[in-house]
Structure formats: structure tokens, C-alpha cells
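Student: Please see the structure below; I have some questions.
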Amino acid sequence: MKMAIFQARTWFSRTFSTVASHPLRVCVVGSGPAGFYTAEKMLKAHQEAQVDIIDRLPTPFGLVRSGVAPDHPETKIVVNQFTRVAQHERCTFFGNVTLGSSVTLPELRELYDVVVLAYGAESDRVLGIPGEDLSGVYAAREFVWWYNGHPNCRYLNPDLKSSDTAVILGQGNVALDVARILLRPTTELASTDIASHALAALEDSSIRKVYLVGRRGPAQAACTAKELREINGIKDLQIHIKEADLLTTPEDEEEMKNNRIRKRVYELLSKAATTRASHPSSDPRELHFVFFRKPDKFLESNERSGHVSGVRLEKTKLIGDRPGERMAAGTGLFEDLGCGIVLKSIGYKSIPVDGLPFDHRKGVVPNIRGRVLRDTSGDPMLLEKGLYVCGWLKRGPTGIIATNLYCAEETVASISEDLKQGVLASSSSSGREGLLQLLDSRNVRVIPFGEWEKIDSEERRLGSLRNKPREKLATWEELQKVATE
Amino acid sequence: MFASKVSRIGVLILKQLSGDKLTSITRAGYNTSSCYNQYLQPLSETKLLRGVIFHKHHLFSTVSASDSSNEGIEQKEKISVTFVDKDGDEIHIKVPTGMSMLEAAHENDIDLEGACEGSIACSTCHVIVMDMDYYNKLEDPTDEENDMLDLAFGLTESSRLGCQVIAKPELDGIRLAIPAATRNFAVDGYVPKPH
């Protein structure tokens with residue numbers, strides 16, 4: 001009852017609060033870190049700005065919810081800040097609204113003075129080698145979405161039973177996250193917000209050996225120290241690295257001298273290689289770092305047609321002499337690595353929507369400091385007026401949550417400049433009202449932030465029953481049901 | 001669940017009473033009330049209560065926030081700290097010994113991010129100590145802090161996480177710059193190395 005009154009008041013104060021007579025209508029597409037930081041900075045920089053954030057999911061926070069590993073709860077604390085942004089009186093969240101189908105980009109640009117696209121990278125780079133379509137070969141993103149309860153991957157059902165070996169292609173932080181989830185004792189995962197379907201599958205998993213395959217060496221490994229330190233600390237996990245791979249060349253030394261992360265990662269890898277478990281374990285697990293190898297083809301199982309049984313790897317050597325830019329080249333020497341599951345962790349990829357200029361080679365929207373350009377020629381005069389990008393769609397799928405802070409700062413600075421120069425102006429466009437009318441006419445059931453809060457409460461309630469911080473609702477049906485009932 | 005309700009009510013009251021001071025006040029309130037327990041442990045009533053009291057305190061009293069959060073602190077010494085914000089403006093504040101620079105920034109409405117609220121899981125409270133002499137007075141960063149600094153935007157030789165710089169008498173007069181996407185810094189006594 002009290003709740004209802006307060007909700008009503010919130011609604012009241014939002015509806016009739018004193019906004020400028022000509023508000024600047026801003027729409028941010030995507031509610032991950034890039035979207036929320038953009039919204040926050042817009043609200044701060046422009047008192048007349050009214051910011052609507054749309055997301056295709058009923059749930060906000062993007063990769064903080066579906067990307068950050070369940071055993072990294074501290075990293076997710078940032079949702080407190082994003083929640084305060086969403087509750088800001090000049091900010092509104094609309095979930096369940098998909099750019100491209102619920103509303104098109106031209107429509108959105110018509111409705112709003114400023115549109116900032118921050119919808120990230122929801123697809124994957126491909127290797128383009130034979131056998132990539134075999135069953136048992138997954139993108140790491142799908143696996144991550146699966147254990148994080150993303151409704152699109154609820155029924156992925158990765159095969160963790162047919163073999164004791166998994167191969168992960170790539171050695172970045174996503175690869176390490178995935179390796180950790182596969183190898184960490186499930187008793188430790190049970191108290192996290194991991195999706196229950198994933199926990200059950202992992203409890204039943206036969207995977208005891210994980211190979212992390214990288215094209216280059218330990219001096220070039222793409223992961224960061226925190227994740228590596230964590231791996232080193234997993235109970236009963238034996239880490240294997242070939243001693244010969246740890247030998248460095250003068251070029252490696254040069255690279256590390258100028259790169260703090262690479263140097264510290266190398267040191268941790270060296271340390272891991274020399275640390276041996278002091279006591280025999282009842283359930284030993286192995287993690288093998290395989291350096292200087294690139295996948296050549298996926299091998300098909302003889303017994304199970306259409307299913308992967310291993311990866312053929314080609315040995316590589318580094319060529320080129322510019323520090324940080326040396327490439328791995330094949331040597332013509334091959335070896336096979338048997339496994340029952342392969343997770344490709346070689347990078348995410350953004351997907352363009354209709355009407356959006358896109359650089360397919362780089363996988364980003366062509367832009368200058370967040371201003372969208374009409375094509376990839378780089379001509380700064382060919383601007384898409386009122387259209388901006390932030391986050392992975394702007395700079396490619398790298399970096400950490402904090403990277404988006406600076407990315408958003410830059411995009412918002414561009415918007416502010418354009419406003420000052422008169423390139424942009426708040427107009428009589430109908431913004432939020434027009435969007436809601438349009439969505440209503442298309443029978444799109446918008447999920448506002450208040451309904452996300454119902455999902456949030458329910459997830460916490462379900463979690464408390466199982467001693468977890470939350471139990472994620474992982475199907476579209478459950479999410480919709482709890483939101484709207 | 002209850003916590004979020006209470007905080008929301010708190011926020012709402014604040015919204016109605018405090019006008020444009022809103023962001024900073026709610027931010028401080030959340031920091032002390034509901035940040036950790038949300039993920040790491042089930043809520044305890046006491047914590048909840050403290051959160052509420054904290055909100056109230058901010059609302060109805062005019063004493064500075066540092067007095068309200070910890071009774072012991074007011075007897076302690078305060079040091080002078082200067083923040084140089086993203087626009088290059090200098091902000092002079094007094095910080096009681098024992099308080100982190102992240103907390104101090106938030107108590108004083110200084111625009112320093114703290115995405116993980118001081119749990120050393122992000123690098124958003126990155127500050128640059130603008131004088132090497134002061135930097136050298138700090139204890140060495142732990143591995144965990146260094147892991148985060150690895151990823152900090154615009155890292156310098158005198159970078160630290162604001163949540164790990166704790167006020168102590170020797171630091172009186174320290175100057176801290178908040179890195180911005182649009183600016184570079186000169187640190188006294190430090191010659192930048194090319195990357």
C-alpha cells in the first residue's frame with residue numbers, strides 16, 4: 001500500500017516536474033555501462049536534457065548483468081550508480097524495446113533531438129576455418145550468456161558430459177572467465193548469482209582439463225593480472241605452461257618494458273608455471289596455457305557425426321618488429337588437440353541496424369569522437385546530424401566498464417559542442433510521448449524501470465531461498481510475467 | 001528488497017525536499033547503506049537502520065557529513081586536500097584523518113567516480129598525485145590495487161586509487177588530479193615516459 005503511494009508520487013513528480021519548456025530530447029539505445037554513463041553525463045551537463053534509455057531486454061545494465069562473471073560481485077556494484085541514474089527525474093528506462101523492430105533508427109531520429117547508440121556488440125567474430133559449424137563449438141559469448149541467465153541462451157545446453165576436455169580459443173579475460181567457471185569447484189559457484197540451469201549442468205560436468213590456446217606468447221597474452229591472479233588461486237587446480245614458451249626474446253623484453261600490464265601478466269604466468277600443488281587432491285583439475293598455436297580446423301568425431309572431437313592447431317612464430325604489433329604467422333607444423341567442447345573467445349562483433357553507417361572491416365560505426373559519420377571515408381564534414389555512438393559500437397569490443405566512463409565523456413563533449421555551435425537544437429520533436437504512442441500502436445509492451453524493480457525483487461527473493469544474492473529469471477516468459485503481473 | 005524500498009523512500013523524500021542537491025546526497029546515502037550487503041551478504045536490520053539514519057541526518061541537520069557518519073572522527077585531525085577536477089578547477093577541502101579520498105570527494109560533491117564503491121574492483125576513482133614528494137609518502141599499492149591501476153585511464157607514475165589513499169597528517173597539503181578524457185596533466189617532479 002505504502003509502496004503504491006510512493007510509486008504514485010514518483011510518477012507524479014516525474015510527470016509534472018519542472019523541466020525546461022523546450023527540453024532537449026535525448027534517446028540512448030542500450031542500457032549497459034556505455035548507455036548509462038552517457039545518460040548520466042548528459043543529465044549532468046544539460047539541465048534541459050530529458051533522457052530516455054531503451055533496451056531490447058526487459059532488464060537493464062547490459063553486460064554488467066549478462067557479461068560480468070557471477071563470481072565477480074564487486075564488479076557489479078556499479079549497478080547501484082546506474083539505478084540512481086535511472087531514477088533521476090529527467091531519466092526514463094524503457095525495456096523490451098528493440099531498435100530495428102519495435103522502432104526503426106530513422107523513426108527514433110525523427111522523435112528525438114539527440115540519439116546515442118550504445119547497444120554494444122551482440123555477435124561474434126568468426127575464425128572462418130573448416131568445421132566451425134560442428135556441434136560442440138560455441139562462441140564464448142553464448143556460454144557466458146548461458147551461465148549468466150541471458151534469455152537468448154537459456155537453452156544453449158553446452159555439452160559438458162561427453163569428454164573431460166574443453167578447448168578455449170583465445171587468452172583474454174573472457175577466456176579466463178570461462179575457464180574459471182568450468183574449473184572452479186561448484187560449491188564456490190553455488191553462492192553466486194550464476195543461473196541455476198548452468199550451476200546444475202556444471203555440477204554434473206565431466207570437464208577436468210581446459211586448454212587456453214593463444215596465437216602469441218606469454219609476453220603478449222591479452223588477459224589482465226586480476227583474472228590471472230584469481231586463476232592461480234583456484235583450489236586443486238594445476239596450471240601447466242611449457243617452460244620453453246616462457247623464454248623471452250629481446251623483442252618480448254622491449255614490449256614488456258613499455259607495457260605495464262603485459263609485464264605483470266608475464267610475471268604471474270611465470271609464477272603460475274613454477275607453483276606446484278603441495279598435496280594430492282581428490283578432484284584434480286588442470287588448466288593448460290597453450291602458446292604460439294593457432295586453430296587450423298575443427299575435427300569431426302568418428303563416433304558422433306556432426307560433433308566436434310578436437311582442434312587442429314598450427315604452431316606459430318612471431319613476425320614483425322614493432323613492439324606491441326608483432327603478429328603470429330603459421331609455421332606449417334601441426335598438432336591435434338582432442339576435446340568434447342570448444343569455446344571461441346576471439347572477440348565480440350557489433351551488428352548494424354538499418355539506416356546506420358557501418359564499417360564492416362573494423363566492426364564499428366564510423367565516427368569522430370562519437371559523432372557518427374555518413375560513411376567510412378573519414379570526411380569530418382559528412383556528419384549524421386543528431387546521431388552519436390558510445391561504447392563498443394564506437395570503439396570496438398575492448399576495455400573494462402570504466403573505459404565507458406571516458407568514452408561517454410568524449411561523446412557527451414561532442415554533443416555539447418554541437419549544441420553550442422548550433423548544429424543541434426532542441427526542437428518541437430515529440431520525444432518520449434511520440435515514442436510511447438508509436439510503440440503502443442505496434443503493441444510493444446514497454447517494461448519501465450519500475451517493472452524491472454519487480455523482477456529485481458523477485459530475483460532477490462528467489463535467491464535468498466537458495467543462499468544466493470539473486471536467482472536470475474532466465475526466460476522471456478518468466479521475465480515478462482513477473483514484470484507485468 | 002526491503003532495503004531498496006527504504007532507500008527509495010529516502011530518495012523520494014530527498015527528491016522532494018532537497019531540489020538540486022539531490023544527486024550528491026543520495027549518492028552518499030547509498031554508499032553507506034546498501035552497497036556491500038546487496039551482493040555479499042543478506043541484509044541485516046542494523047545496517048538498514050543505519051542507512052535510514054544516515055539519510056535523515058543529511059536531511060535535517062546542517063552539520064557536515066563527516067560528523068554524522070562516525071562519532072570518533074570529529075576529534076581527529078583534519079588535513080587540507082586539493083582536488084583538481086576534470087575542468088581543471090581546484091577544490092580545497094578538509095579531510096579527517098582515516099578517511100579515504102574517495103569518501104572525501106563524495107562528501108564534498110566532487111565528481112570522482114566510485115563504481116565499485118571502494119572494493120578495489122574498478123579503476124574509476126583513479127587520482128593522480130600531483131607532487132612526487134606526496135606520492136612517496138603513501139604506502140606502496142597492494143597487488144590488488146596495482147591490478148586495477150593497470151587498467152586505469154591515463155595512468156601515470158604517481159597514479160593511485162582514491163579509495164586507497166587514506167588521509168594522514170603527513171599528507172596535509174596533498175593535491176590530487178582527476179583524469180579527464182579531454183585533458184593531460186603535469187605532475188611536479190615527474191618526467192613522463194613515452195608509452
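Residues in the C-alpha cells are numbered from 1 in each chain, the chains being A, B, ... in the order shown, and ligands are numbered from 1 in the order shown.
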Just list as number ranges by chain whatever in stretch 207-415 of chain A DSSP marks as helix (DSSP H, G or I).
Tutor: A: 225-232, 243-246, 250-257, 260-274, 392-395, 401-415
Student: Write out as a compact mmCIF listing (two decimals) with C-alpha atoms, in the first residue's frame each polymer residue whose atoms come within 12 Å of A:Leu237, counting only C-alpha atoms; drop sequence neighbours fewer than 2 positions from it.
Tutor:
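This went into selection-v5.txt:
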```txt
# COMPACT_ATOMS: atom_id res chain seq x y z
CA ALA A 179 37.92 -21.30 -17.88
CA ARG A 180 37.36 -20.31 -14.28
CA LEU A 182 34.47 -24.54 -15.93
CA LEU A 183 37.16 -25.37 -13.38
CA ARG A 184 36.13 -23.70 -10.16
CA PRO A 185 34.60 -26.01 -7.53
CA ARG A 208 38.57 -31.63 -15.77
CA LYS A 209 41.06 -30.25 -18.29
CA VAL A 210 40.86 -26.90 -20.01
CA GLU A 230 42.32 -15.42 -9.49
CA ILE A 231 43.01 -18.46 -11.66
CA ASN A 232 46.23 -19.01 -9.74
CA GLY A 233 44.21 -19.11 -6.56
CA ILE A 234 41.69 -21.77 -7.55
CA LYS A 235 41.68 -24.72 -5.19
CA ILE A 239 48.35 -24.85 -14.06
CA HIS A 240 50.57 -26.06 -16.89
CA ALA A 272 51.95 -19.98 -12.03
CA ALA A 273 54.20 -22.24 -14.10
CA THR A 275 53.98 -23.29 -8.47
CA ARG A 276 53.15 -26.94 -7.88
CA ALA A 277 50.32 -28.24 -5.76
CA SER A 278 51.72 -29.30 -2.41
CA HIS A 279 49.23 -32.03 -1.64
CA PRO A 280 47.37 -34.59 -3.74
CA SER A 281 43.78 -33.64 -4.41
CA SER A 282 40.66 -35.76 -4.56
CA ASP A 283 39.36 -33.97 -7.63
CA PRO A 284 42.33 -32.60 -9.54
CA ARG A 285 41.76 -30.22 -12.39
CA GLU A 286 44.17 -28.93 -15.00
CA LEU A 287 44.50 -25.69 -16.86
CA HIS A 288 46.93 -25.65 -19.77
```
Student: For atom CA of A:Phe93 and atom CA of A:Phe61, determine how far apart the two atoms are, in Å to one decimal place.
Tutor: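 Interatomic distance here is 10.8 Å.
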Student: Need the shell around A:Cys407: protein/DNA/RNA residues with any atom at most 9 Å away, counting only C-alpha atoms. Skip same-chain ones fewer than 3 positions apart. Format as a ChimeraX atom specification?
Tutor: /A:34,37-38,369-370,390-391,394-395,402-404,410-412 /B:181
Student: Store the residues of this selection in a file with C-alpha atoms, as a JSON list (two decimals), in the first residue's frame.
Tutor:
```json
[["chain", "number", "residue", "atom", "x", "y", "z"],
["A", 34, "ALA", "CA", 28.15, 2.92, -22.13],
["A", 37, "TYR", "CA", 27.36, 6.64, -18.36],
["A", 38, "THR", "CA", 26.18, 8.60, -21.40],
["A", 369, "ARG", "CA", 34.79, 11.39, -31.07],
["A", 370, "GLY", "CA", 31.35, 9.84, -31.01],
["A", 390, "CYS", "CA", 29.32, 5.31, -27.40],
["A", 391, "GLY", "CA", 30.93, 2.14, -26.07],
["A", 394, "LYS", "CA", 32.04, 3.31, -31.20],
["A", 395, "ARG", "CA", 35.46, 1.89, -30.44],
["A", 402, "ALA", "CA", 35.48, 2.21, -16.61],
["A", 403, "THR", "CA", 36.58, 2.64, -20.23],
["A", 404, "ASN", "CA", 33.00, 3.58, -20.97],
["A", 410, "GLU", "CA", 34.01, 12.17, -25.02],
["A", 411, "THR", "CA", 30.69, 11.55, -26.76],
["A", 412, "VAL", "CA", 28.85, 13.92, -24.44],
["B", 181, "ALA", "CA", 39.22, 12.23, -21.37]]
```
Student: Got a sec: who's within 6 Å of stretch 139-155 of chain B, counting only C-alpha atoms, leaving out chain neighbours fewer than 5 positions off, as a list in words?
Tutor: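 Once the nearby chain positions are removed, what remains is Ala225, Lys226 and Ile261 of chain A; Cys122 and Ser123 of chain B.
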Student: Would you export the selected residues with N, CA and C atoms as a short mmCIF file (atom, residue, chain, number, x, y, z; two decimals), in the first residue's frame, please?
Tutor:
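The new file part-v1.cif reads:
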```
data_model
loop_
_atom_site.label_atom_id
_atom_site.label_comp_id
_atom_site.auth_asym_id
_atom_site.auth_seq_id
_atom_site.Cartn_x
_atom_site.Cartn_y
_atom_site.Cartn_z
N ALA A 225 45.91 -8.88 -15.04
CA ALA A 225 46.51 -9.50 -13.86
C ALA A 225 45.48 -10.02 -12.86
N LYS A 226 44.42 -9.25 -12.67
CA LYS A 226 43.44 -9.66 -11.65
C LYS A 226 42.88 -11.05 -11.98
N ILE A 261 50.90 -3.73 -18.09
CA ILE A 261 50.02 -4.89 -17.95
C ILE A 261 50.73 -6.15 -18.44
N CYS B 122 37.46 -1.81 -9.50
CA CYS B 122 37.39 -0.98 -10.71
C CYS B 122 38.49 0.05 -10.60
N SER B 123 38.60 0.90 -11.60
CA SER B 123 39.66 1.90 -11.56
C SER B 123 39.07 3.29 -11.70
#
```
Student: Quick one: pull the distance between atom CA of A:Asp113 and atom CA of A:Val26, Å, one decimal.
Tutor: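 According to the coordinates, atom CA of A:Asp113 and atom CA of A:Val26 are separated by 6.0 Å.
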Student: Write out as a list in words each polymer residue whose atoms come within 6 Å of stretch 85-96 of chain B, counting only C-alpha atoms; drop sequence neighbours fewer than 6 positions from it.
Tutor: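 Residues meeting the cut-off are Glu77, Lys78, Ile79, Ile178 and Ala180 of chain B.
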Student: Identify every residue of chain A that has at least one atom within 7 Å of any atom of chain B, counting only C-alpha atoms, and report the result as a PDB file with N, CA and C atoms, in the first residue's frame.
Tutor:
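Done, and the output landed in iface39.pdb:
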```
ATOM      1  N   PRO A  73      31.158 -10.328  -7.860  1.00  0.00           N
ATOM      2  CA  PRO A  73      30.071  -9.452  -7.404  1.00  0.00           C
ATOM      3  C   PRO A  73      30.513  -8.002  -7.208  1.00  0.00           C
ATOM      4  N   GLU A  74      31.782  -7.795  -6.854  1.00  0.00           N
ATOM      5  CA  GLU A  74      32.220  -6.402  -6.604  1.00  0.00           C
ATOM      6  C   GLU A  74      32.123  -5.570  -7.884  1.00  0.00           C
ATOM      7  N   THR A  75      32.393  -6.237  -9.024  1.00  0.00           N
ATOM      8  CA  THR A  75      32.349  -5.512 -10.291  1.00  0.00           C
ATOM      9  C   THR A  75      30.929  -5.042 -10.606  1.00  0.00           C
ATOM     10  N   ILE A  77      28.760  -3.897  -8.481  1.00  0.00           N
ATOM     11  CA  ILE A  77      28.259  -2.862  -7.565  1.00  0.00           C
ATOM     12  C   ILE A  77      27.873  -1.597  -8.327  1.00  0.00           C
ATOM     13  N   VAL A  78      28.473  -1.419  -9.482  1.00  0.00           N
ATOM     14  CA  VAL A  78      28.191  -0.223 -10.291  1.00  0.00           C
ATOM     15  C   VAL A  78      26.697  -0.085 -10.641  1.00  0.00           C
ATOM     16  N   GLN A  81      24.903   2.735  -8.907  1.00  0.00           N
ATOM     17  CA  GLN A  81      25.018   4.049  -9.519  1.00  0.00           C
ATOM     18  C   GLN A  81      24.089   4.168 -10.730  1.00  0.00           C
ATOM     19  N   ALA A 225      45.914  -8.876 -15.040  1.00  0.00           N
ATOM     20  CA  ALA A 225      46.511  -9.504 -13.858  1.00  0.00           C
ATOM     21  C   ALA A 225      45.479 -10.022 -12.863  1.00  0.00           C
ATOM     22  N   LYS A 226      44.422  -9.254 -12.668  1.00  0.00           N
ATOM     23  CA  LYS A 226      43.437  -9.660 -11.655  1.00  0.00           C
ATOM     24  C   LYS A 226      42.881 -11.049 -11.977  1.00  0.00           C
ATOM     25  N   ASN A 258      57.686  -1.490 -22.016  1.00  0.00           N
ATOM     26  CA  ASN A 258      56.809  -0.351 -22.273  1.00  0.00           C
ATOM     27  C   ASN A 258      55.347  -0.634 -21.987  1.00  0.00           C
ATOM     28  N   ARG A 260      53.016  -1.990 -18.930  1.00  0.00           N
ATOM     29  CA  ARG A 260      52.899  -2.421 -17.542  1.00  0.00           C
ATOM     30  C   ARG A 260      52.048  -3.686 -17.385  1.00  0.00           C
ATOM     31  N   ILE A 261      50.901  -3.729 -18.092  1.00  0.00           N
ATOM     32  CA  ILE A 261      50.020  -4.887 -17.951  1.00  0.00           C
ATOM     33  C   ILE A 261      50.725  -6.149 -18.437  1.00  0.00           C
ATOM     34  N   ALA A 402      35.028   0.828 -16.774  1.00  0.00           N
ATOM     35  CA  ALA A 402      35.476   2.211 -16.614  1.00  0.00           C
ATOM     36  C   ALA A 402      35.838   2.863 -17.943  1.00  0.00           C
ATOM     37  N   TYR A 406      35.026   7.214 -19.786  1.00  0.00           N
ATOM     38  CA  TYR A 406      35.749   8.195 -20.577  1.00  0.00           C
ATOM     39  C   TYR A 406      35.187   8.271 -21.991  1.00  0.00           C
ATOM     40  N   GLU A 409      32.206  10.390 -21.697  1.00  0.00           N
ATOM     41  CA  GLU A 409      32.638  11.772 -21.500  1.00  0.00           C
ATOM     42  C   GLU A 409      32.937  12.408 -22.857  1.00  0.00           C
ATOM     43  N   GLU A 410      33.624  11.646 -23.706  1.00  0.00           N
ATOM     44  CA  GLU A 410      34.005  12.167 -25.017  1.00  0.00           C
ATOM     45  C   GLU A 410      32.783  12.395 -25.898  1.00  0.00           C
ATOM     46  N   SER A 457      13.291  -7.566  -7.397  1.00  0.00           N
ATOM     47  CA  SER A 457      12.852  -8.039  -6.076  1.00  0.00           C
ATOM     48  C   SER A 457      12.595  -9.536  -6.096  1.00  0.00           C
ATOM     49  N   PRO A 469      22.814 -14.342  -3.907  1.00  0.00           N
ATOM     50  CA  PRO A 469      22.382 -12.938  -3.913  1.00  0.00           C
ATOM     51  C   PRO A 469      21.138 -12.726  -4.779  1.00  0.00           C
TER      52      PRO A 469
END
```
Student: Residues at most 8 Å from A:Lys297, counting only C-alpha atoms, excluding those fewer than 2 positions away in the same chain, as a PyMOL selection string?
Tutor: chain A and resi 129-132+295+299+311-313
Student: Output the selection as a short mmCIF file (atom, residue, chain, number, x, y, z; two decimals), in the first residue's frame - C-alpha atoms for each residue.
Tutor:
```cif
data_model
loop_
_atom_site.label_atom_id
_atom_site.label_comp_id
_atom_site.auth_asym_id
_atom_site.auth_seq_id
_atom_site.Cartn_x
_atom_site.Cartn_y
_atom_site.Cartn_z
CA ILE A 129 38.11 -22.25 -40.71
CA PRO A 130 36.65 -25.68 -41.58
CA GLY A 131 34.38 -27.29 -39.03
CA GLU A 132 33.33 -24.09 -37.29
CA PRO A 295 43.45 -23.07 -34.89
CA LEU A 299 37.95 -32.10 -36.21
CA VAL A 311 41.05 -28.87 -32.93
CA ARG A 312 43.99 -29.00 -35.31
CA LEU A 313 46.47 -26.35 -34.26
#
```
Student: Atom CA of A:Glu314 and atom CA of A:Asp296, how far apart in Å?
Tutor: 6.1 Å
Student: Which neighbours of stretch 359-367 of chain A fall inside 7 Å, counting only C-alpha atoms, when residues of the same chain fewer than 5 positions from it are skipped, and could you give them as number ranges by chain?
Tutor: A: 349-350, 372-373, 375-376, 393-396
Student: Check stretch 52-177 of chain B with DSSP on the backbone and list each residue it calls strand (DSSP E), as a ChimeraX atom specification.
Tutor: /B:78-84,90-96,126-129,159-161,174-177
Student: Considering only C-alpha atoms, can you say which of A:Ile341, A:Ala190, A:Ala329, A:Met381 comes closest to A:Ile207?
Tutor: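 Among the listed residues, the smallest separation from A:Ile207 belongs to A:Ile341.
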